[in-house]
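For reference, work-v1.tsv is printed below; it contains TSV, C-alpha atoms.
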chain	number	residue	atom	x	y	z
D	1	MET	CA	0.00	0.00	0.00
D	2	PRO	CA	1.51	3.36	-0.96
D	3	ARG	CA	2.01	5.87	1.81
D	4	TYR	CA	0.15	8.84	0.26
D	5	SER	CA	-3.15	7.04	0.46
D	6	ARG	CA	-3.39	8.25	4.03
D	7	TYR	CA	-3.89	11.80	2.69
D	8	ARG	CA	-6.39	10.90	0.05
D	9	LEU	CA	-9.62	12.83	0.35
D	10	LYS	CA	-12.74	11.12	1.35
D	11	SER	CA	-15.50	11.06	-1.24
D	12	ASP	CA	-17.59	13.78	0.43
D	13	GLN	CA	-14.66	16.20	0.90
D	14	THR	CA	-13.66	18.86	-1.64
D	15	LEU	CA	-10.30	20.56	-1.92
D	16	GLU	CA	-10.70	24.32	-1.62
D	17	LEU	CA	-7.88	26.62	-2.54
D	18	ASN	CA	-7.82	29.76	-0.42
D	19	LEU	CA	-7.52	32.52	-3.01
D	20	THR	CA	-8.05	35.49	-0.71
D	21	PRO	CA	-4.36	36.20	0.10
D	22	LEU	CA	-3.44	35.71	-3.57
D	23	LEU	CA	-6.09	38.20	-4.63
D	24	ASP	CA	-4.96	40.64	-1.98
D	25	VAL	CA	-1.39	40.56	-3.24
D	26	VAL	CA	-2.41	40.82	-6.89
D	27	LEU	CA	-4.65	43.82	-6.26
D	28	GLN	CA	-1.91	45.47	-4.22
D	29	LEU	CA	0.52	45.00	-7.09
D	30	ILE	CA	-1.98	46.39	-9.60
D	31	THR	CA	-2.49	49.45	-7.42
D	32	PHE	CA	1.29	49.93	-7.12
D	33	PHE	CA	1.89	49.80	-10.86
D	34	MET	CA	-1.16	51.93	-11.62
D	35	MET	CA	0.13	54.66	-9.31
D	36	LEU	CA	3.52	54.70	-10.99
D	37	VAL	CA	2.48	54.33	-14.60
D	38	HIS	CA	2.47	58.07	-15.37
D	39	PHE	CA	4.93	59.15	-12.76
D	40	GLY	CA	8.41	60.34	-13.54
D	41	THR	CA	8.80	58.90	-16.98
D	42	LYS	CA	12.03	59.72	-18.72
D	43	LEU	CA	12.19	61.98	-21.73
D	44	GLU	CA	13.50	60.33	-24.83
D	45	GLY	CA	17.15	60.31	-25.72
D	46	ALA	CA	18.45	59.26	-22.32
D	47	THR	CA	22.13	58.44	-22.66
D	48	LYS	CA	25.07	57.96	-20.39
D	49	THR	CA	27.17	60.29	-22.54
D	50	ALA	CA	25.75	63.33	-20.78
D	51	ARG	CA	25.51	63.47	-17.01
D	52	LEU	CA	22.61	65.81	-16.41
D	53	PRO	CA	22.92	68.78	-14.06
D	54	ILE	CA	21.05	68.72	-10.78
D	55	ALA	CA	18.76	71.70	-10.38
D	56	ALA	CA	15.52	72.65	-8.70
D	57	ALA	CA	13.19	73.39	-11.59
D	58	GLY	CA	9.60	74.55	-11.49
D	59	THR	CA	6.87	72.17	-12.53
D	60	PRO	CA	6.66	72.24	-16.33
D	61	LYS	CA	3.12	72.53	-17.65
D	62	SER	CA	3.56	72.84	-21.36
D	63	ASP	CA	3.08	69.89	-23.64
D	64	LEU	CA	6.23	68.68	-25.36
D	65	GLY	CA	4.42	68.39	-28.69
D	66	LEU	CA	4.83	65.78	-31.37
D	67	ASP	CA	7.85	67.10	-33.26
D	68	ARG	CA	10.90	66.79	-31.03
D	69	LEU	CA	14.61	66.86	-31.63
D	70	VAL	CA	16.87	65.42	-28.94
D	71	VAL	CA	20.32	66.95	-28.71
D	72	VAL	CA	23.06	65.58	-26.49
D	73	ILE	CA	25.86	67.98	-25.58
D	74	ASP	CA	28.96	66.34	-24.14
D	75	ALA	CA	31.29	67.60	-21.43
D	76	ARG	CA	33.36	69.54	-23.98
D	77	GLY	CA	30.30	71.36	-25.25
D	78	GLY	CA	30.02	69.62	-28.61
D	79	ILE	CA	26.90	68.02	-30.06
D	80	VAL	CA	27.09	64.24	-29.93
D	81	SER	CA	26.31	62.81	-33.34
D	82	GLY	CA	27.17	59.15	-33.61
D	83	ASP	CA	30.74	58.83	-32.38
D	84	GLN	CA	31.59	62.42	-33.18
D	85	SER	CA	31.48	65.57	-31.13
D	86	LEU	CA	30.46	68.51	-33.31
D	87	SER	CA	31.19	72.12	-32.52
D	88	ASP	CA	31.44	75.48	-34.27
D	89	ARG	CA	30.98	75.07	-38.04
D	90	ALA	CA	30.15	71.37	-37.84
D	91	SER	CA	27.46	71.91	-35.23
D	92	GLU	CA	26.06	74.88	-37.15
D	93	ALA	CA	25.82	72.69	-40.26
D	94	TRP	CA	24.18	69.97	-38.14
D	95	TRP	CA	21.49	72.40	-36.94
D	96	ASN	CA	20.95	73.80	-40.43
D	97	GLU	CA	20.57	70.31	-41.88
D	98	ARG	CA	17.91	69.38	-39.35
D	99	ALA	CA	16.13	72.69	-39.69
D	100	GLU	CA	16.12	72.42	-43.48
D	101	LYS	CA	14.54	68.96	-43.35
D	102	ARG	CA	11.80	70.21	-41.08
D	103	ARG	CA	11.24	73.36	-43.11
D	104	ARG	CA	10.82	71.28	-46.26
D	105	GLY	CA	8.33	69.07	-44.46
D	106	ALA	CA	6.41	72.10	-43.19
D	107	GLU	CA	6.31	73.56	-46.70
D	108	LEU	CA	4.90	70.29	-48.06
D	109	ILE	CA	1.96	70.47	-45.68
D	110	GLY	CA	1.66	74.23	-46.11
D	111	ALA	CA	2.56	75.12	-42.53
D	112	ALA	CA	5.78	77.02	-43.08
D	113	SER	CA	6.62	79.71	-40.53
D	114	ARG	CA	9.70	81.66	-39.46
D	115	ASP	CA	10.16	79.73	-36.22
D	116	LEU	CA	10.05	75.96	-36.48
D	117	PRO	CA	7.47	74.27	-34.24
D	118	THR	CA	10.02	71.61	-33.25
D	119	ARG	CA	10.87	71.36	-29.56
D	120	VAL	CA	14.58	70.82	-29.03
D	121	ILE	CA	15.28	68.67	-25.99
D	122	VAL	CA	18.74	69.58	-24.75
D	123	ARG	CA	20.59	67.00	-22.70
D	124	ALA	CA	23.77	68.80	-21.81
D	125	ASP	CA	26.49	67.40	-19.57
D	126	ARG	CA	26.82	69.11	-16.21
D	127	ASP	CA	30.53	69.72	-16.82
D	128	ALA	CA	30.03	71.36	-20.21
D	129	PRO	CA	31.10	75.01	-20.29
D	130	TYR	CA	28.06	77.29	-20.18
D	131	GLY	CA	29.54	79.38	-23.00
D	132	GLU	CA	29.59	76.38	-25.32
D	133	VAL	CA	26.00	75.40	-24.44
D	134	ARG	CA	24.89	78.99	-25.04
D	135	ARG	CA	26.66	78.97	-28.42
D	136	ARG	CA	24.96	75.70	-29.42
D	137	LEU	CA	21.57	77.23	-28.51
D	138	ALA	CA	22.43	80.39	-30.45
D	139	GLU	CA	23.30	78.25	-33.50
D	140	ALA	CA	19.95	76.49	-33.16
D	141	ARG	CA	18.17	79.80	-32.92
D	142	ARG	CA	19.88	81.04	-36.05
D	143	ALA	CA	18.78	77.83	-37.81
D	144	GLY	CA	15.17	78.59	-36.88
D	145	PHE	CA	14.53	76.55	-33.75
D	146	ALA	CA	12.81	78.50	-30.99
D	147	LYS	CA	11.42	76.06	-28.43
D	148	PHE	CA	13.89	74.43	-26.09
D	149	THR	CA	13.68	72.13	-23.13
D	150	LEU	CA	16.67	71.78	-20.85
D	151	VAL	CA	16.62	68.39	-19.14
D	152	VAL	CA	17.85	68.43	-15.55
D	153	LEU	CA	17.70	66.11	-12.58
D	154	ARG	CA	15.46	67.26	-9.76
D	155	SER	CA	17.39	68.13	-6.64
D	156	ARG	CA	16.28	66.30	-3.52
D	157	LYS	CA	15.42	69.53	-1.67
J	1	MET	CA	-40.50	32.99	21.18
J	2	ASN	CA	-39.35	29.45	21.60
J	3	SER	CA	-40.93	28.43	18.33
J	4	ARG	CA	-39.04	31.23	16.51
J	5	ILE	CA	-35.69	30.06	17.83
J	6	ARG	CA	-36.51	26.58	16.89
J	7	THR	CA	-37.31	27.53	13.27
J	8	ARG	CA	-34.07	29.51	12.94
J	9	SER	CA	-31.89	26.73	14.23
J	10	ARG	CA	-33.71	24.30	12.01
J	11	ARG	CA	-33.00	26.46	8.98
J	12	SER	CA	-29.25	26.72	9.72
J	13	LYS	CA	-29.01	23.02	10.02
J	14	THR	CA	-30.94	22.25	6.89
J	15	GLU	CA	-29.35	24.82	4.59
J	16	GLN	CA	-26.10	23.16	3.67
J	17	SER	CA	-25.57	24.99	0.37
J	18	LYS	CA	-22.99	27.79	0.42
J	19	VAL	CA	-22.99	30.99	-1.61
J	20	LEU	CA	-20.15	30.56	-4.08
J	21	PHE	CA	-18.35	33.60	-5.40
J	22	PRO	CA	-16.76	32.88	-8.80
J	23	VAL	CA	-13.21	34.15	-8.32
J	24	THR	CA	-11.74	32.74	-11.52
J	25	PRO	CA	-12.84	35.55	-13.94
J	26	MET	CA	-11.74	38.14	-11.43
J	27	LEU	CA	-8.35	36.50	-11.11
J	28	ASP	CA	-8.02	36.30	-14.89
J	29	MET	CA	-8.73	39.97	-15.23
J	30	ALA	CA	-6.45	40.86	-12.33
J	31	PHE	CA	-3.55	38.96	-13.88
J	32	GLN	CA	-4.18	40.59	-17.26
J	33	LEU	CA	-4.06	44.01	-15.65
J	34	LEU	CA	-0.97	43.07	-13.68
J	35	ALA	CA	0.79	41.88	-16.82
J	36	PHE	CA	-0.12	45.10	-18.64
J	37	PHE	CA	1.19	47.34	-15.89
J	38	ILE	CA	4.36	45.32	-15.42
J	39	LEU	CA	5.14	45.43	-19.15
J	40	SER	CA	4.43	49.15	-19.45
J	41	PHE	CA	6.22	50.04	-16.22
J	42	GLN	CA	9.04	52.56	-16.31
J	43	ALA	CA	11.17	53.13	-13.27
J	44	PRO	CA	10.58	56.53	-11.62
J	45	THR	CA	13.17	59.09	-12.57
J	46	ARG	CA	14.32	62.38	-11.16
J	47	GLU	CA	14.40	63.94	-14.60
J	48	SER	CA	12.74	67.30	-14.87
J	49	ARG	CA	12.79	69.99	-17.50
J	50	ILE	CA	13.12	73.71	-17.91
J	51	ASP	CA	11.20	74.94	-20.94
J	52	LEU	CA	12.63	77.90	-22.81
J	53	TYR	CA	11.33	79.86	-25.74
J	54	LEU	CA	14.18	81.44	-27.68
J	55	PRO	CA	12.89	83.36	-30.66
J	56	ALA	CA	15.14	85.14	-33.16
J	57	GLU	CA	15.26	88.14	-30.81
J	58	PRO	CA	17.81	87.68	-28.04
J	59	GLN	CA	15.37	86.69	-25.30
J	60	ALA	CA	14.17	83.45	-23.86
J	61	VAL	CA	10.79	82.82	-22.36
J	62	LEU	CA	10.37	80.30	-19.59
J	63	GLN	CA	7.12	78.71	-20.57
J	64	SER	CA	4.40	78.53	-18.00
J	65	ASP	CA	0.70	79.33	-17.88
J	66	SER	CA	1.41	82.87	-16.79
J	67	ALA	CA	4.09	83.17	-19.45
J	68	LYS	CA	1.56	82.47	-22.18
J	69	ALA	CA	-0.35	85.58	-21.16
J	70	THR	CA	2.71	87.71	-21.70
J	71	ALA	CA	3.97	85.98	-24.84
J	72	ALA	CA	2.46	88.69	-27.02
J	73	ASP	CA	4.14	91.29	-24.87
J	74	THR	CA	7.56	89.71	-25.28
J	75	GLU	CA	7.09	89.30	-29.00
J	76	ARG	CA	6.76	93.08	-29.41
J	77	GLY	CA	10.52	93.34	-29.29
J	78	THR	CA	13.28	94.54	-27.07
J	79	ASN	CA	12.05	98.14	-26.70
J	80	ASP	CA	9.80	97.22	-23.81
J	81	LEU	CA	12.68	95.54	-22.03
J	82	GLU	CA	14.58	98.80	-21.89
J	83	ILE	CA	11.63	100.85	-20.65
J	84	ASP	CA	10.23	98.49	-18.03
J	85	LEU	CA	13.22	98.58	-15.73
J	86	GLU	CA	11.63	97.50	-12.47
J	87	THR	CA	10.69	94.10	-13.87
J	88	GLU	CA	13.97	93.46	-15.65
J	89	LEU	CA	16.64	92.08	-13.39
J	90	VAL	CA	20.23	91.33	-14.26
J	91	VAL	CA	21.98	88.27	-12.89
J	92	HIS	CA	25.75	88.07	-13.10
J	93	ALA	CA	27.46	84.73	-12.59
J	94	ARG	CA	31.23	84.67	-12.38
J	95	ALA	CA	33.26	81.49	-12.53
J	96	ASP	CA	36.50	80.59	-10.82
J	97	ASP	CA	39.42	78.86	-12.53
J	98	LEU	CA	37.74	75.46	-12.20
J	99	GLY	CA	34.49	76.69	-13.72
J	100	ASP	CA	32.57	76.63	-10.45
J	101	LEU	CA	30.32	79.49	-9.41
J	102	LYS	CA	32.44	82.11	-7.66
J	103	THR	CA	30.17	85.15	-7.51
J	104	LEU	CA	26.45	85.44	-8.04
J	105	MET	CA	24.89	88.87	-8.23
J	106	LEU	CA	21.31	89.99	-8.60
J	107	GLY	CA	21.62	93.55	-9.81
J	108	ASP	CA	24.32	95.03	-7.60
J	109	VAL	CA	23.66	92.71	-4.67
J	110	THR	CA	25.98	89.78	-4.15
J	111	LEU	CA	24.16	86.60	-3.20
J	112	ASP	CA	25.50	83.69	-1.20
J	113	ASN	CA	24.13	80.93	-3.39
J	114	VAL	CA	21.44	79.97	-5.89
J	115	ASP	CA	18.89	79.22	-3.15
J	116	VAL	CA	19.05	82.86	-2.05
J	117	LEU	CA	18.53	83.89	-5.67
J	118	SER	CA	15.48	81.65	-5.87
J	119	THR	CA	14.06	83.08	-2.64
J	120	ARG	CA	14.68	86.67	-3.73
J	121	LEU	CA	13.16	86.13	-7.15
J	122	SER	CA	10.10	84.46	-5.62
J	123	ARG	CA	9.64	87.45	-3.31
J	124	TYR	CA	10.15	89.82	-6.20
J	125	ARG	CA	7.62	87.83	-8.20
J	126	GLU	CA	5.05	88.43	-5.45
J	127	VAL	CA	5.82	92.15	-5.43
J	128	VAL	CA	5.49	92.67	-9.18
J	129	ARG	CA	2.42	90.40	-9.25
J	130	ASP	CA	1.06	90.21	-12.81
J	131	LYS	CA	3.87	92.13	-14.46
J	132	PRO	CA	6.19	90.02	-16.59
J	133	LEU	CA	9.45	89.43	-14.76
J	134	ARG	CA	12.52	89.35	-16.95
J	135	ILE	CA	16.01	88.16	-16.22
J	136	VAL	CA	19.13	88.85	-18.20
J	137	LEU	CA	21.77	86.26	-17.37
J	138	TYR	CA	25.37	87.29	-17.84
J	139	ALA	CA	27.48	84.25	-17.08
J	140	ASP	CA	31.12	83.56	-17.78
J	141	ASP	CA	31.68	81.19	-20.67
J	142	SER	CA	33.91	79.05	-18.48
J	143	LEU	CA	31.13	78.52	-15.94
J	144	ARG	CA	30.07	74.88	-15.71
J	145	TYR	CA	26.63	74.16	-17.13
J	146	GLN	CA	25.66	72.67	-13.75
J	147	ALA	CA	25.74	76.13	-12.15
J	148	ALA	CA	24.02	77.79	-15.10
J	149	ALA	CA	21.25	75.18	-15.02
J	150	GLN	CA	20.78	75.83	-11.29
J	151	ILE	CA	20.38	79.56	-11.98
J	152	MET	CA	17.88	78.90	-14.76
J	153	GLY	CA	16.09	76.42	-12.50
J	154	ALA	CA	15.85	79.08	-9.80
J	155	CYS	CA	14.31	81.45	-12.36
J	156	SER	CA	11.89	78.71	-13.41
J	157	ARG	CA	10.84	78.12	-9.80
J	158	ALA	CA	10.23	81.83	-9.29
J	159	ARG	CA	7.95	81.85	-12.35
J	160	VAL	CA	10.14	84.24	-14.30
J	161	GLU	CA	8.62	84.73	-17.74
J	162	THR	CA	11.64	85.79	-19.70
J	163	ILE	CA	15.29	84.92	-19.46
J	164	ARG	CA	17.84	86.29	-21.83
J	165	LEU	CA	21.06	84.35	-22.17
J	166	ALA	CA	23.45	87.23	-22.73
J	167	ASP	CA	27.09	87.07	-23.68
J	168	ALA	CA	29.08	88.15	-20.65
J	169	GLN	CA	32.27	88.62	-22.64
J	170	ALA	CA	30.52	90.83	-25.18
J	171	GLN	CA	29.26	92.93	-22.28
J	172	GLY	CA	32.80	93.13	-20.95
J	173	ASN	CA	34.06	94.26	-24.33
J	174	ASP	CA	31.36	96.93	-24.53
J	175	ARG	CA	32.54	98.34	-21.26
Turn this file's structure into structure tokens for me.
Amino acid sequence: MPRYSRYRLKSDQTLELNLTPLLDVVLQLITFFMMLVHFGTKLEGATKTARLPIAAAGTPKSDLGLDRLVVVIDARGGIVSGDQSLSDRASEAWWNERAEKRRRGAELIGAASRDLPTRVIVRADRDAPYGEVRRRLAEARRAGFAKFTLVVLRSRK
Amino acid sequence: MNSRIRTRSRRSKTEQSKVLFPVTPMLDMAFQLLAFFILSFQAPTRESRIDLYLPAEPQAVLQSDSAKATAADTERGTNDLEIDLETELVVHARADDLGDLKTLMLGDVTLDNVDVLSTRLSRYREVVRDKPLRIVLYADDSLRYQAAAQIMGACSRARVETIRLADAQAQGNDR
């Protein structure tokens, strides 16, 4: 006689699985993920090339819009494009190229304007010289970009 | 009285059937939801943003709800900036040899740090109320972007509408 027969259920007994703790845990998990689903999502273009500055920024309210251009500025102040770091004439040409593409697209749909509607998301390294960052923004302005978003890390204060 | 008790006890003995709650569909749905939220979950981040509007004119607008109201005003050009002196403040940021912030000045007043700038601007914001508050930032080119971002963040917190990123060296040359 096998040993497990001792634990065999009698004919009138039914095995009932207690699902209450399982349901509790599952609903807790759902609540947790639901609370965090729209909280603190990263902007696109996150890269380890640029270590973002830590600053206390006000709560942004404006919508980022559909047309976005992510720009990474490295610690030397150059625009990161592939493996290259572009500055001065190269970066100016880079901005102009991107602006020209967008301008052509805007003309095709008949929505051409002086300032491009593109939002430029600037991910600049915290060690980059301010002068270089300002120059990159000035180049972008000259190319026709007007809307910028500087990405920073919230300070803990 | 006795008869009532008797009927009740009789009922509890006779009614053997239990009310069954079908948990299976609920569990199915719960697991579906759980799977959806786990797959679409992104870890919380400390990333924040400072929105700037930099038109062809040399001025930048920190975009906020109140800023939208004054957007037309800022688009009129730089003439207003020169006339409306009490709402235009100049911030000077000087860097040391390592590029760290050495001196921070709001107008002619030297400030200890960026927090003091933020506090002062917030107080100034309350004083000027609905008037558009404008900042002209003169910072050394060698200043690290970290410090510049903190200054711009302080302006953003104080709901400054306009910030102009001016060339400190050009200003020095003019003098």
| note | Closest of J:Ala93, J:Val19, J:Leu106, J:Leu111 to chain D, counting only C-alpha atoms, is J:Ala93
| message | One number please: CA of Val128 (chain J) to CA of Leu52 (chain J), in Å, one decimal. | response | 21.3 Å
| request: Might you pull out every residue within 10 Å of Leu54 (chain J), with all atoms listed in the file counted and same-chain residues fewer than 6 positions away left off, and present them as JSON, numbers by chain? | output: {"D": [115, 137, 138, 140, 141, 144, 145, 146, 147, 148], "J": [60, 61, 62, 162, 163, 164, 165]}
Can you list, as a CSV table (one decimal) with C-alpha atoms, in the coordinates of the input, every protein, DNA or RNA residue that comes within 9 Å of Gly65 (chain D) when you count only C-alpha atoms, leaving out same-chain residues fewer than 5 positions away?
chain,number,residue,atom,x,y,z
D,117,PRO,CA,7.5,74.3,-34.2
D,118,THR,CA,10.0,71.6,-33.2
D,119,ARG,CA,10.9,71.4,-29.6
| To one decimal place, how far is CA of Asp96 (chain J) from CA of Ser122 (chain J) in Å? |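 If I compute the distance from CA of Asp96 (chain J) to CA of Ser122 (chain J), I get 27.2 Å.
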| task | Give me the residues within 12 Å of Gln28 (chain D) as a count of residues only, counting only C-alpha atoms and dropping any in the same chain fewer than 4 places off. | result | 12
| message | Can you measure CA of Ala99 (chain D) to CA of Arg136 (chain D) for me? One decimal in Å is fine. | response |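 Computed distance, CA of Ala99 (chain D) to CA of Arg136 (chain D), equals 13.9 Å.
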Residues of chain D near chain J: apply a cut-off of 8 Å, count all atoms listed in the file, and supply the list as a PDB file with C-alpha atoms, in the coordinates of the input.
ATOM      1  CA  LEU D  19      -7.520  32.520  -3.010  1.00  0.00           C
ATOM      2  CA  LEU D  23      -6.090  38.200  -4.630  1.00  0.00           C
ATOM      3  CA  VAL D  26      -2.410  40.820  -6.890  1.00  0.00           C
ATOM      4  CA  LEU D  27      -4.650  43.820  -6.260  1.00  0.00           C
ATOM      5  CA  LEU D  29       0.520  45.000  -7.090  1.00  0.00           C
ATOM      6  CA  ILE D  30      -1.980  46.390  -9.600  1.00  0.00           C
ATOM      7  CA  PHE D  33       1.890  49.800 -10.860  1.00  0.00           C
ATOM      8  CA  MET D  34      -1.160  51.930 -11.620  1.00  0.00           C
ATOM      9  CA  LEU D  36       3.520  54.700 -10.990  1.00  0.00           C
ATOM     10  CA  VAL D  37       2.480  54.330 -14.600  1.00  0.00           C
ATOM     11  CA  PHE D  39       4.930  59.150 -12.760  1.00  0.00           C
ATOM     12  CA  GLY D  40       8.410  60.340 -13.540  1.00  0.00           C
ATOM     13  CA  THR D  41       8.800  58.900 -16.980  1.00  0.00           C
ATOM     14  CA  LYS D  42      12.030  59.720 -18.720  1.00  0.00           C
ATOM     15  CA  LEU D  43      12.190  61.980 -21.730  1.00  0.00           C
ATOM     16  CA  LEU D  52      22.610  65.810 -16.410  1.00  0.00           C
ATOM     17  CA  PRO D  53      22.920  68.780 -14.060  1.00  0.00           C
ATOM     18  CA  ILE D  54      21.050  68.720 -10.780  1.00  0.00           C
ATOM     19  CA  ALA D  55      18.760  71.700 -10.380  1.00  0.00           C
ATOM     20  CA  ALA D  56      15.520  72.650  -8.700  1.00  0.00           C
ATOM     21  CA  ALA D  57      13.190  73.390 -11.590  1.00  0.00           C
ATOM     22  CA  GLY D  58       9.600  74.550 -11.490  1.00  0.00           C
ATOM     23  CA  THR D  59       6.870  72.170 -12.530  1.00  0.00           C
ATOM     24  CA  PRO D  60       6.660  72.240 -16.330  1.00  0.00           C
ATOM     25  CA  LYS D  61       3.120  72.530 -17.650  1.00  0.00           C
ATOM     26  CA  SER D  62       3.560  72.840 -21.360  1.00  0.00           C
ATOM     27  CA  ASP D 115      10.160  79.730 -36.220  1.00  0.00           C
ATOM     28  CA  ALA D 124      23.770  68.800 -21.810  1.00  0.00           C
ATOM     29  CA  ASP D 125      26.490  67.400 -19.570  1.00  0.00           C
ATOM     30  CA  ARG D 126      26.820  69.110 -16.210  1.00  0.00           C
ATOM     31  CA  ASP D 127      30.530  69.720 -16.820  1.00  0.00           C
ATOM     32  CA  ALA D 128      30.030  71.360 -20.210  1.00  0.00           C
ATOM     33  CA  PRO D 129      31.100  75.010 -20.290  1.00  0.00           C
ATOM     34  CA  TYR D 130      28.060  77.290 -20.180  1.00  0.00           C
ATOM     35  CA  GLY D 131      29.540  79.380 -23.000  1.00  0.00           C
ATOM     36  CA  GLU D 132      29.590  76.380 -25.320  1.00  0.00           C
ATOM     37  CA  VAL D 133      26.000  75.400 -24.440  1.00  0.00           C
ATOM     38  CA  ARG D 134      24.890  78.990 -25.040  1.00  0.00           C
ATOM     39  CA  ARG D 141      18.170  79.800 -32.920  1.00  0.00           C
ATOM     40  CA  ARG D 142      19.880  81.040 -36.050  1.00  0.00           C
ATOM     41  CA  GLY D 144      15.170  78.590 -36.880  1.00  0.00           C
ATOM     42  CA  PHE D 145      14.530  76.550 -33.750  1.00  0.00           C
ATOM     43  CA  ALA D 146      12.810  78.500 -30.990  1.00  0.00           C
ATOM     44  CA  LYS D 147      11.420  76.060 -28.430  1.00  0.00           C
ATOM     45  CA  PHE D 148      13.890  74.430 -26.090  1.00  0.00           C
ATOM     46  CA  THR D 149      13.680  72.130 -23.130  1.00  0.00           C
ATOM     47  CA  LEU D 150      16.670  71.780 -20.850  1.00  0.00           C
ATOM     48  CA  VAL D 151      16.620  68.390 -19.140  1.00  0.00           C
ATOM     49  CA  VAL D 152      17.850  68.430 -15.550  1.00  0.00           C
ATOM     50  CA  LEU D 153      17.700  66.110 -12.580  1.00  0.00           C
ATOM     51  CA  ARG D 154      15.460  67.260  -9.760  1.00  0.00           C
ATOM     52  CA  SER D 155      17.390  68.130  -6.640  1.00  0.00           C
TER      53      SER D 155
END
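Between Val90 (chain J) and the residues J:Glu126, J:Val136, J:Asp108, J:Ser17, the shortest atom-to-atom distance, using only C-alpha atoms, involves J:Val136.
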What's the 7 Å shell around Asn96 (chain D), counting all atoms listed in the file, without same-chain residues fewer than 4 positions away, as a PDB file with C-alpha atoms, keeping the file's coordinate frame?
ATOM      1  CA  GLU D  92      26.060  74.880 -37.150  1.00  0.00           C
ATOM      2  CA  GLU D 100      16.120  72.420 -43.480  1.00  0.00           C
ATOM      3  CA  ALA D 143      18.780  77.830 -37.810  1.00  0.00           C
TER       4      ALA D 143
END
| task | Check the smallest atom-to-atom distance from each of J:Lys131, J:Tyr138, J:Ala95, J:Glu161 to Gly107 (chain J) using all atoms listed in the file, then report the winner. | result |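 Closest to Gly107 (chain J), using all atoms listed in the file: J:Tyr138.
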Residues near Leu104 (chain J), cut-off 9 Å, all atoms listed in the file, skip fewer than 5 positions along chain, as a JSON list (two decimals) with C-alpha atoms, in the coordinates of the input:
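The file below, around_10.json, is the result:
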[["chain", "number", "residue", "atom", "x", "y", "z"],
["J", 91, "VAL", "CA", 21.98, 88.27, -12.89],
["J", 92, "HIS", "CA", 25.75, 88.07, -13.10],
["J", 93, "ALA", "CA", 27.46, 84.73, -12.59],
["J", 94, "ARG", "CA", 31.23, 84.67, -12.38],
["J", 109, "VAL", "CA", 23.66, 92.71, -4.67],
["J", 110, "THR", "CA", 25.98, 89.78, -4.15],
["J", 111, "LEU", "CA", 24.16, 86.60, -3.20],
["J", 112, "ASP", "CA", 25.50, 83.69, -1.20],
["J", 113, "ASN", "CA", 24.13, 80.93, -3.39],
["J", 114, "VAL", "CA", 21.44, 79.97, -5.89],
["J", 117, "LEU", "CA", 18.53, 83.89, -5.67]]
